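A.B. asks: A single structure is presented below for examination.
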Amino acid sequence: MKRDLIKCNSINYRKGYIEVLGGIHDECINLEVWNIHPDVDITSVDLGDESFPENAVASNTEIELSLEKAELLIEQLTLAVNKIREYNSP
């Protein structure tokens, strides 16, 4: 199964992957985050690749969001994105 992961590699000590799936549990959105050890370079490797280092995952969190909470997350992410865009605009 091909996984659509979001690679987060901007801050070395806060890097990892995010996966978002619907339909694992009825009427819920599954959100899973893997925190990767800072010493592991994930620039050209993805979680699950054969070359992905063993013991690279420092932690893993998986939660189920109701549709209502998923929509709230989208709203809050949009506000945060707009704040950064506003901050970076000339």
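Labeling convention for the structure tokens: chains A, B, ... as they appear, residues from 1 per chain, ligands from 1 in order of appearance.
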Could you give me, as a PyMOL selection string, each residue of chain A that DSSP assigns to strand (DSSP E or B) when run on this structure's backbone?
C.D. replies: chain A and resi 5-8+16-22+28-36+57-66
A.B. asks: Could you go through chain A and tell me which residues DSSP, when run on the backbone, assigns to alpha helix (DSSP H), listing them as a ChimeraX atom specification?
C.D. replies: /A:67-88
A.B. asks: Measuring between only C-alpha atoms, which one of A:Gly16, A:Glu27, A:Asn82, A:Pro90 shows the shortest distance to Val45 of chain A?
C.D. replies: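 The closest residue to Val45 of chain A is A:Gly16.
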A.B. asks: What is the atom CA of His37 of chain A to atom CA of Lys15 of chain A distance in Å?
C.D. replies: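 According to the coordinates, atom CA of His37 of chain A and atom CA of Lys15 of chain A are separated by 7.7 Å.
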A.B. asks: Would you please work out which residue, of A:Glu62, A:Glu54, A:Asp41, A:Asp49, is nearest to Leu21 of chain A when using only C-alpha atoms?
C.D. replies: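 Among the listed residues, the smallest separation from Leu21 of chain A belongs to A:Glu62.
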A.B. asks: Using only C-alpha atoms, which protein or nucleic acid residues come within 7 Å of Leu67 of chain A? Drop anything in the same chain fewer than 4 positions from it, and give the result as a PyMOL selection string.
C.D. replies: chain A and resi 27-29+71
A.B. asks: Within 7 Å of Ile18 of chain A, counting only C-alpha atoms, which residues show up once you throw out same-chain ones fewer than 2 positions away? Write them as a VMD selection string, please.
C.D. replies: chain A and resid 5 to 7 20 32 to 34
A.B. asks: Only all heavy atoms, please: the residues just picked out, written as a compact mmCIF listing (two decimals), in the first residue's frame.
C.D. replies:
```txt
# COMPACT_ATOMS: atom_id res chain seq x y z
N LEU A 5 2.62 10.38 2.88
CA LEU A 5 3.15 10.98 4.10
C LEU A 5 3.61 12.41 3.82
O LEU A 5 4.12 12.71 2.74
CB LEU A 5 4.35 10.18 4.61
CG LEU A 5 4.08 8.71 4.97
CD1 LEU A 5 5.39 8.01 5.29
CD2 LEU A 5 3.13 8.61 6.13
N ILE A 6 3.43 13.25 4.80
CA ILE A 6 3.97 14.60 4.73
C ILE A 6 5.29 14.58 5.50
O ILE A 6 5.32 14.27 6.70
CB ILE A 6 3.00 15.62 5.37
CG1 ILE A 6 1.66 15.61 4.63
CG2 ILE A 6 3.64 17.02 5.38
CD1 ILE A 6 0.57 16.39 5.35
N LYS A 7 6.37 14.86 4.79
CA LYS A 7 7.69 14.87 5.43
C LYS A 7 7.93 16.25 6.02
O LYS A 7 7.82 17.26 5.33
CB LYS A 7 8.79 14.54 4.42
CG LYS A 7 10.17 14.44 5.05
CD LYS A 7 11.25 14.23 4.02
CE LYS A 7 11.06 12.92 3.31
NZ LYS A 7 12.18 12.56 2.43
N VAL A 20 -2.43 11.26 7.26
CA VAL A 20 -3.83 11.54 7.52
C VAL A 20 -4.68 10.57 6.69
O VAL A 20 -4.51 10.49 5.47
CB VAL A 20 -4.20 12.99 7.13
CG1 VAL A 20 -5.66 13.28 7.41
CG2 VAL A 20 -3.31 13.99 7.86
N GLU A 32 -1.73 10.52 12.31
CA GLU A 32 -0.59 9.83 12.91
C GLU A 32 0.68 10.62 12.64
O GLU A 32 0.90 11.11 11.53
CB GLU A 32 -0.46 8.42 12.34
CG GLU A 32 0.54 7.57 13.07
CD GLU A 32 0.40 6.09 12.80
OE1 GLU A 32 -0.43 5.68 11.97
OE2 GLU A 32 1.15 5.32 13.43
N VAL A 33 1.50 10.77 13.67
CA VAL A 33 2.74 11.55 13.58
C VAL A 33 3.89 10.70 14.12
O VAL A 33 3.80 10.11 15.19
CB VAL A 33 2.63 12.86 14.40
CG1 VAL A 33 3.93 13.63 14.36
CG2 VAL A 33 1.48 13.71 13.90
N TRP A 34 4.97 10.65 13.33
CA TRP A 34 6.19 9.98 13.75
C TRP A 34 7.27 11.03 13.97
O TRP A 34 7.58 11.81 13.07
CB TRP A 34 6.68 9.01 12.67
CG TRP A 34 5.81 7.83 12.46
CD1 TRP A 34 5.91 6.60 13.07
CD2 TRP A 34 4.70 7.73 11.56
NE1 TRP A 34 4.92 5.77 12.60
CE2 TRP A 34 4.16 6.43 11.67
CE3 TRP A 34 4.10 8.62 10.67
CZ2 TRP A 34 3.08 6.01 10.93
CZ3 TRP A 34 3.01 8.20 9.95
CH2 TRP A 34 2.52 6.90 10.08
```
A.B. asks: For Ser59 of chain A, which residue out of A:Leu31, A:Tyr17, A:Leu77, A:Ile24 is the nearest one, using only C-alpha atoms?
C.D. replies: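 The shortest atom-to-atom distance to Ser59 of chain A comes from A:Tyr17.
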A.B. asks: What separation in Å, quoted to one decimal, exists between atom CA of Asn30 of chain A and atom CA of Leu73 of chain A?
C.D. replies: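 Between these atoms lies a distance of 12.4 Å.
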A.B. asks: Expressed in Å to a single decimal, how great is the separation between atom CA of Pro38 of chain A and atom CA of Ile84 of chain A?
C.D. replies: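 These atoms are spaced 24.8 Å apart.
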A.B. asks: Let me make sure I understand: among A:Asn88, A:Gln76, A:Asn12, A:Asn35, which one has the smallest atom-to-atom distance to Ala56 of chain A if we use only C-alpha atoms?
C.D. replies: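 Looking only at the distances to Ala56 of chain A, the closest residue turns out to be A:Asn35.
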A.B. asks: Pick out the closest residue to Ser10 of chain A from this set: A:Ile42, A:Leu79, A:Ala70, A:Ile63. Count only C-alpha atoms.
C.D. replies: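 The shortest atom-to-atom distance to Ser10 of chain A comes from A:Ile42.
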